[in-house]
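Undergrad: See input07.cif below, with mmCIF, C-alpha atoms and all ligand atoms.
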data_entry
#
loop_
_atom_site.label_atom_id
_atom_site.label_comp_id
_atom_site.auth_asym_id
_atom_site.auth_seq_id
_atom_site.Cartn_x
_atom_site.Cartn_y
_atom_site.Cartn_z
CA PHE R 1 0.00 0.00 0.00
CA GLY R 2 1.92 3.01 -1.27
CA PHE R 3 0.44 6.30 -0.03
CA LYS R 4 3.24 6.78 2.52
CA THR R 5 5.80 7.16 -0.24
CA VAL R 6 3.78 9.65 -2.27
CA PRO R 7 5.60 12.98 -2.66
CA GLU R 8 3.90 15.94 -1.00
CA HIS R 9 2.98 17.68 -4.26
CA MET R 10 0.95 14.64 -5.32
CA LYS R 11 -1.04 14.35 -2.11
CA GLU R 12 -3.70 16.82 -3.23
CA SER R 13 -4.56 14.93 -6.43
CA LEU R 14 -4.57 11.63 -4.55
CA VAL R 15 -7.01 12.98 -1.98
CA ARG R 16 -9.15 14.27 -4.83
CA GLY R 17 -9.22 10.76 -6.31
CA VAL R 18 -10.09 9.16 -2.99
CA PHE R 19 -13.10 11.43 -2.48
CA SER R 20 -14.28 11.10 -6.07
CA ASN R 21 -14.32 7.34 -5.55
CA VAL R 22 -16.22 7.50 -2.29
CA ALA R 23 -18.60 10.46 -2.95
CA SER R 24 -21.76 8.49 -3.71
CA SER R 25 -21.28 5.99 -0.86
CA TYR R 26 -19.82 8.53 1.58
CA ASP R 27 -22.85 9.01 3.84
CA ILE R 28 -23.65 5.34 4.25
CA MET R 29 -19.96 4.53 4.91
CA ASN R 30 -19.79 7.22 7.59
CA ASP R 31 -22.66 5.61 9.42
CA ALA R 32 -21.21 2.11 9.01
CA MET R 33 -17.68 3.02 10.14
CA SER R 34 -18.68 5.04 13.17
CA LEU R 35 -21.85 3.07 14.05
CA GLY R 36 -23.72 6.33 13.49
CA ILE R 37 -21.70 8.13 16.17
CA HIS R 38 -20.42 10.76 13.71
CA ARG R 39 -23.94 12.24 13.88
CA LEU R 40 -23.59 12.76 17.62
CA TRP R 41 -20.15 14.35 17.20
CA LYS R 42 -21.53 16.78 14.63
CA ASP R 43 -24.54 17.57 16.84
CA HIS R 44 -22.13 18.26 19.68
CA LEU R 45 -20.08 20.59 17.48
CA MET R 46 -23.21 22.59 16.71
CA ARG R 47 -24.24 22.82 20.37
CA SER R 48 -20.83 24.07 21.39
CA MET R 49 -20.86 26.59 18.53
CA ALA R 50 -24.25 27.93 19.69
CA PRO R 51 -24.34 30.48 16.85
CA MET R 52 -26.07 33.81 17.34
CA PRO R 53 -28.91 34.92 15.01
CA GLY R 54 -27.62 36.15 11.67
CA ALA R 55 -24.31 34.30 12.03
CA LYS R 56 -22.26 33.75 8.89
CA LEU R 57 -20.51 30.37 8.68
CA ILE R 58 -17.91 29.12 6.24
CA ASP R 59 -17.84 25.32 6.26
CA VAL R 60 -14.63 24.18 4.60
CA ALA R 61 -14.20 20.62 3.32
CA GLY R 62 -17.98 20.65 3.65
CA GLY R 63 -18.47 17.52 1.53
CA THR R 64 -22.05 16.31 1.48
CA GLY R 65 -23.21 19.10 3.80
CA ASP R 66 -23.69 17.53 7.24
CA ILE R 67 -22.43 20.61 9.07
CA ALA R 68 -24.24 23.12 6.83
CA GLN R 69 -27.49 21.21 7.33
CA ARG R 70 -27.12 21.15 11.10
CA PHE R 71 -26.19 24.84 11.23
CA LEU R 72 -29.22 25.99 9.24
CA SER R 73 -31.59 23.65 11.12
CA TYR R 74 -30.21 24.89 14.44
CA GLN R 75 -30.83 28.49 13.38
CA ASP R 76 -34.33 27.63 12.10
CA ASN R 77 -35.14 26.12 15.50
CA ASN R 78 -34.17 29.45 17.04
CA SER R 79 -36.47 31.26 14.58
CA ASP R 80 -33.50 32.87 12.86
CA LYS R 81 -34.00 33.37 9.14
CA THR R 82 -30.96 35.45 8.33
CA SER R 83 -27.88 33.34 9.05
CA SER R 84 -26.06 31.78 6.13
CA VAL R 85 -23.47 29.19 5.27
CA HIS R 86 -20.89 29.04 2.51
CA MET R 87 -19.66 25.52 1.75
CA VAL R 88 -16.22 25.02 0.21
CA ASP R 89 -14.78 21.69 -0.94
CA ILE R 90 -11.90 20.78 -3.20
CA ASN R 91 -13.80 17.91 -4.73
CA PRO R 92 -16.62 18.78 -7.19
CA GLU R 93 -18.23 15.35 -6.79
CA MET R 94 -18.47 15.66 -3.01
CA LEU R 95 -19.79 19.21 -3.29
CA ALA R 96 -22.31 18.07 -5.92
CA GLU R 97 -23.66 15.54 -3.39
CA GLY R 98 -24.06 18.50 -1.01
CA GLU R 99 -25.82 20.63 -3.62
CA LYS R 100 -28.16 17.73 -4.39
CA ARG R 101 -29.08 17.46 -0.74
CA PHE R 102 -30.16 21.11 -0.52
CA ALA R 103 -31.68 21.39 -4.02
CA GLY R 104 -35.13 22.99 -3.88
CA SER R 105 -34.85 23.80 -0.16
CA LYS R 106 -35.99 27.15 1.24
CA TRP R 107 -32.39 27.81 2.23
CA VAL R 108 -31.28 27.82 -1.40
CA GLN R 109 -34.32 29.92 -2.42
CA ASP R 110 -33.50 32.46 0.30
CA GLY R 111 -29.85 32.60 -0.75
CA ARG R 112 -28.72 31.34 2.65
CA ILE R 113 -26.40 28.64 1.31
CA GLY R 114 -23.63 28.86 -1.27
CA PHE R 115 -21.14 26.38 -2.74
CA THR R 116 -17.64 26.92 -4.07
CA VAL R 117 -15.11 24.37 -5.28
CA GLY R 118 -11.84 25.42 -3.67
CA ASN R 119 -8.80 24.43 -1.66
CA ALA R 120 -8.83 25.02 2.11
CA GLU R 121 -5.19 26.10 1.86
CA ASN R 122 -6.02 29.03 -0.40
CA LEU R 123 -9.43 30.67 -0.05
CA GLU R 124 -8.50 33.54 -2.39
CA PHE R 125 -12.14 33.91 -3.48
CA ILE R 126 -13.09 34.96 0.09
CA ASP R 127 -12.36 38.46 1.43
CA ASP R 128 -10.56 39.00 4.73
CA GLY R 129 -12.79 39.21 7.80
CA SER R 130 -15.95 37.81 6.19
CA PHE R 131 -17.28 35.18 8.62
CA ASP R 132 -18.32 34.74 12.26
CA PHE R 133 -17.56 31.01 12.32
CA TYR R 134 -15.25 28.71 10.40
CA THR R 135 -15.79 24.94 10.57
CA ILE R 136 -13.80 22.09 9.12
CA ALA R 137 -15.06 18.60 9.98
CA PHE R 138 -13.01 15.54 9.11
CA GLY R 139 -11.26 17.54 6.41
CA ILE R 140 -8.05 19.07 7.68
CA ARG R 141 -6.11 15.84 7.97
CA ASN R 142 -6.51 15.39 4.21
CA CYS R 143 -4.84 18.72 3.48
CA THR R 144 -1.17 18.83 2.55
CA HIS R 145 -0.35 21.79 4.81
CA PRO R 146 -2.74 21.97 7.81
CA GLU R 147 -0.93 25.08 9.09
CA ARG R 148 -1.85 26.95 5.87
CA VAL R 149 -5.47 25.90 6.32
CA VAL R 150 -5.49 27.38 9.82
CA GLN R 151 -3.83 30.61 8.60
CA GLU R 152 -6.50 31.00 5.92
CA ALA R 153 -9.20 30.37 8.53
CA TYR R 154 -7.72 33.20 10.59
CA ARG R 155 -7.73 35.53 7.59
CA VAL R 156 -11.36 34.95 6.53
CA LEU R 157 -12.79 35.23 10.07
CA LYS R 158 -14.04 38.54 11.45
CA PRO R 159 -12.43 39.87 14.62
CA GLY R 160 -14.15 37.91 17.40
CA GLY R 161 -14.79 35.03 14.98
CA ARG R 162 -14.34 31.42 15.99
CA PHE R 163 -12.47 28.56 14.33
CA MET R 164 -13.79 25.05 15.05
CA CYS R 165 -12.26 21.84 13.81
CA LEU R 166 -13.78 18.39 14.30
CA GLU R 167 -11.23 15.72 13.50
CA PHE R 168 -10.14 12.21 14.36
CA SER R 169 -7.52 12.30 17.06
CA ARG R 170 -5.61 10.10 19.51
CA VAL R 171 -7.12 7.63 21.96
CA GLU R 172 -4.79 7.71 24.96
CA ASN R 173 -6.13 4.85 27.09
CA PRO R 174 -4.01 1.83 25.95
CA VAL R 175 -6.82 -0.76 26.18
CA LEU R 176 -9.25 1.37 24.22
CA ALA R 177 -6.47 2.30 21.79
CA ALA R 178 -5.91 -1.41 21.03
CA ALA R 179 -9.62 -1.91 20.31
CA TYR R 180 -9.63 1.19 18.15
CA ASP R 181 -6.60 -0.07 16.19
CA LEU R 182 -8.43 -3.30 15.48
CA HIS R 183 -11.41 -1.34 14.21
CA SER R 184 -9.18 0.88 12.07
CA PHE R 185 -6.97 -1.73 10.49
CA TYR R 186 -9.47 -4.57 10.03
CA VAL R 187 -13.05 -3.39 10.22
CA ILE R 188 -12.86 -0.12 8.25
CA PRO R 189 -10.95 -1.45 5.20
CA LYS R 190 -13.29 -4.48 5.16
CA LEU R 191 -16.37 -2.22 5.24
CA GLY R 192 -14.81 -0.13 2.46
CA GLU R 193 -14.44 -3.27 0.40
CA LEU R 194 -17.95 -4.55 1.09
CA ILE R 195 -19.97 -1.33 0.93
CA ALA R 196 -18.00 0.97 -1.39
CA ASN R 197 -16.06 -1.73 -3.25
CA ASP R 198 -12.97 0.36 -2.55
CA ARG R 199 -10.62 -1.00 0.12
CA GLU R 200 -7.70 1.27 -0.84
CA SER R 201 -9.51 4.57 -0.28
CA TYR R 202 -10.51 3.48 3.20
CA GLU R 203 -6.99 2.26 3.99
CA TYR R 204 -5.88 5.76 3.02
CA LEU R 205 -8.43 7.30 5.38
CA VAL R 206 -7.14 5.19 8.28
CA GLU R 207 -3.56 6.10 7.50
CA SER R 208 -4.37 9.81 7.30
CA ILE R 209 -5.83 9.62 10.82
CA ARG R 210 -2.60 8.07 12.15
CA ARG R 211 -0.45 10.72 10.58
CA PHE R 212 -2.38 13.75 11.80
CA PRO R 213 -0.84 15.60 14.82
CA ALA R 214 -2.04 14.69 18.33
CA GLN R 215 -4.42 16.97 20.26
CA SER R 216 -1.89 19.26 21.99
CA GLU R 217 0.33 19.52 18.92
CA PHE R 218 -2.58 20.66 16.73
CA ALA R 219 -3.70 23.13 19.43
CA GLN R 220 -0.24 24.69 19.16
CA ILE R 221 -0.60 25.01 15.36
CA ILE R 222 -3.84 26.94 15.97
CA ARG R 223 -2.17 29.30 18.46
CA ASN R 224 0.77 29.78 16.09
CA ALA R 225 -1.68 31.08 13.45
CA GLY R 226 -2.79 33.80 15.90
CA PHE R 227 -5.85 32.22 17.48
CA THR R 228 -6.55 32.50 21.20
CA THR R 229 -7.54 29.19 22.73
CA ILE R 230 -9.54 28.75 25.91
CA GLY R 231 -7.78 26.30 28.25
CA LYS R 232 -5.93 23.65 26.31
CA GLY R 233 -7.83 24.51 23.14
CA TYR R 234 -9.63 21.25 22.50
CA GLU R 235 -12.28 18.89 23.79
CA ASN R 236 -12.01 15.12 23.40
CA LEU R 237 -15.11 13.17 22.37
CA THR R 238 -15.51 9.39 22.67
CA PHE R 239 -12.17 8.93 24.53
CA GLY R 240 -10.25 11.05 22.02
CA THR R 241 -11.38 9.13 18.95
CA VAL R 242 -12.21 12.62 17.78
CA ALA R 243 -11.50 16.07 19.17
CA ILE R 244 -12.97 19.52 18.65
CA HIS R 245 -10.26 22.16 18.48
CA SER R 246 -11.37 25.74 18.80
CA GLY R 247 -9.79 29.18 18.74
CA TYR R 248 -10.93 32.81 18.67
CA LYS R 249 -9.61 35.63 16.50
CA PHE R 250 -9.23 38.42 19.06
N1 LIG R 301 -17.20 17.86 6.41
C1 LIG R 301 -17.90 16.72 5.82
C2 LIG R 301 -18.42 15.81 6.90
O1 LIG R 301 -18.03 15.99 8.05
O2 LIG R 301 -19.19 14.91 6.60
C3 LIG R 301 -17.02 15.97 4.81
C4 LIG R 301 -15.80 15.29 5.37
S1 LIG R 301 -14.94 14.29 4.20
C5 LIG R 301 -14.23 13.05 5.23
C6 LIG R 301 -13.53 15.23 3.78
C7 LIG R 301 -13.77 16.27 2.72
O3 LIG R 301 -12.61 17.09 2.62
C8 LIG R 301 -14.01 15.71 1.32
O4 LIG R 301 -15.23 16.19 0.83
C9 LIG R 301 -12.82 16.21 0.52
O5 LIG R 301 -13.12 16.46 -0.83
C10 LIG R 301 -12.47 17.47 1.27
N2 LIG R 301 -11.10 17.96 1.08
C11 LIG R 301 -9.95 17.25 1.08
N3 LIG R 301 -8.89 18.04 0.90
C12 LIG R 301 -9.38 19.31 0.80
C13 LIG R 301 -8.78 20.60 0.60
N4 LIG R 301 -7.45 20.73 0.48
N5 LIG R 301 -9.57 21.67 0.53
C14 LIG R 301 -10.92 21.55 0.66
N6 LIG R 301 -11.54 20.38 0.83
C15 LIG R 301 -10.79 19.27 0.92
#
When written as structure tokens, how does the structure in this file appear?
Ligand code: SAM

TA:
Amino acid sequence: FGFKTVPEHMKESLVRGVFSNVASSYDIMNDAMSLGIHRLWKDHLMRSMAPMPGAKLIDVAGGTGDIAQRFLSYQDNNSDKTSSVHMVDINPEMLAEGEKRFAGSKWVQDGRIGFTVGNAENLEFIDDGSFDFYTIAFGIRNCTHPERVVQEAYRVLKPGGRFMCLEFSRVENPVLAAAYDLHSFYVIPKLGELIANDRESYEYLVESIRRFPAQSEFAQIIRNAGFTTIGKGYENLTFGTVAIHSGYKF
């Protein structure tokens, strides 16, 4: 399995290929791999965001739109009809799945959701200081230079804006870590083979999780970009299987 030896400049096109392969089966695979728990993690992200009425969100690596959907529903439940979300994804097929999901919805009719194909590392089509919130869920570990992603997040946020990243992280408890390894190295590639007929893409996903910096290391990357973190800057969910990192642009 050769992704480890791929030169850095080829990573982007490889990631593009992986997500083109998995786009149509992405949602069902997410449920299968995480036993549906990814829904709870995303719900938790939204509750801890607790956006104010009229909030403007940029959801980067937005894929099939799970975060955008939750954000707009959350605001609807609070009788807010003015907040909006701009989804960005490098992969047109993934973004097309997102557009399909919202097609014909009142949110599209009201101009409260937009879609742009673009790279998280270079959001040149977005002006400085445009958004109240920036989210990236299960996307940053696929980027070649995570530190550039965080710098761009800082640029596009308004003063007072908040960066939030939901990402797979490190399970520290050794017993749970062993169980998690088993799941990662045997169950996930097998599910990829059975459901998506694509073992390789899911092996890549597992490897990308292993290679992403641990919680405290990533928190430091966020601070280095200029963000202020509260406390240690992250919250572990499900024993550290995933973490929410957060920082404010003050
Ligand atoms: N945020 C969605 C969710 O939580 O369901 C989608 C997550 S999916 C695992 C990762 C997404 O990141 C894919 O849609 C992929 O195309 C996108 N992606 C990968 N590299 C990217 C980059 N450099 N810039 C923007 N999007 C990227």

Undergrad: Around the point (-8.4, 12.9, -3.5), in the coordinates given by the file, pick out the residues reaching within 12 Å, counting all atoms listed in the file, and return them as JSON, numbers by chain.

TA: {"R": [3, 10, 11, 12, 13, 14, 15, 16, 17, 18, 19, 20, 21, 22, 23, 61, 89, 90, 91, 92, 93, 94, 119, 139, 142, 143, 144, 200, 201, 202, 204, 205, 208]}

Undergrad: Check the smallest atom-to-atom distance from each of R:Lys100, R:Arg39, R:Lys249, R:Arg112 to R:Phe133 using only C-alpha atoms, then report the winner.

TA: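 Selected residue with least distance to R:Phe133: R:Lys249.
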
Undergrad: What is the atom CA of R:Ile244-atom CA of R:Asn77 distance in Å, reported with one decimal?

TA: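 So the two atoms, atom CA of R:Ile244 and atom CA of R:Asn77, lie 23.3 Å apart.
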
Undergrad: Ranking R:Gly160, R:Gly63, R:Gly36, R:Pro146 by minimum distance to ligand LIG 301 (chain R) and counting only C-alpha atoms and all ligand atoms, which one comes first?

TA: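 Ranked by minimum distance to ligand LIG 301 (chain R), first place goes to R:Gly63.
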
Undergrad: In Å to one decimal, how far is atom CA of R:Met33 from atom CA of R:Ile188?

TA: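 Computed distance, atom CA of R:Ile188 to atom CA of R:Met33, equals 6.1 Å.
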
Undergrad: Considering all atoms listed in the file, state which residue in the set R:Leu237, R:Ile195, R:Met52, R:Ile58 is at the smallest distance from ligand LIG 301 (chain R).

TA: R:Ile58

Undergrad: Which is closer to R:Ile113 than all the others in R:Met46, R:Leu57, R:Val149, R:Ala137, using only C-alpha atoms?

TA: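 When distances to R:Ile113 are compared using only C-alpha atoms, the smallest one comes from R:Leu57.
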
Undergrad: Taking (-0.4, 14.3, 18.6) in the coordinates of the supplied file, I want to know which residues reach to within 12 Å of it, counting all atoms listed in the file; could you give the answer as a PyMOL selection string?

TA: chain R and resi 168-172+209-221+240+242-243
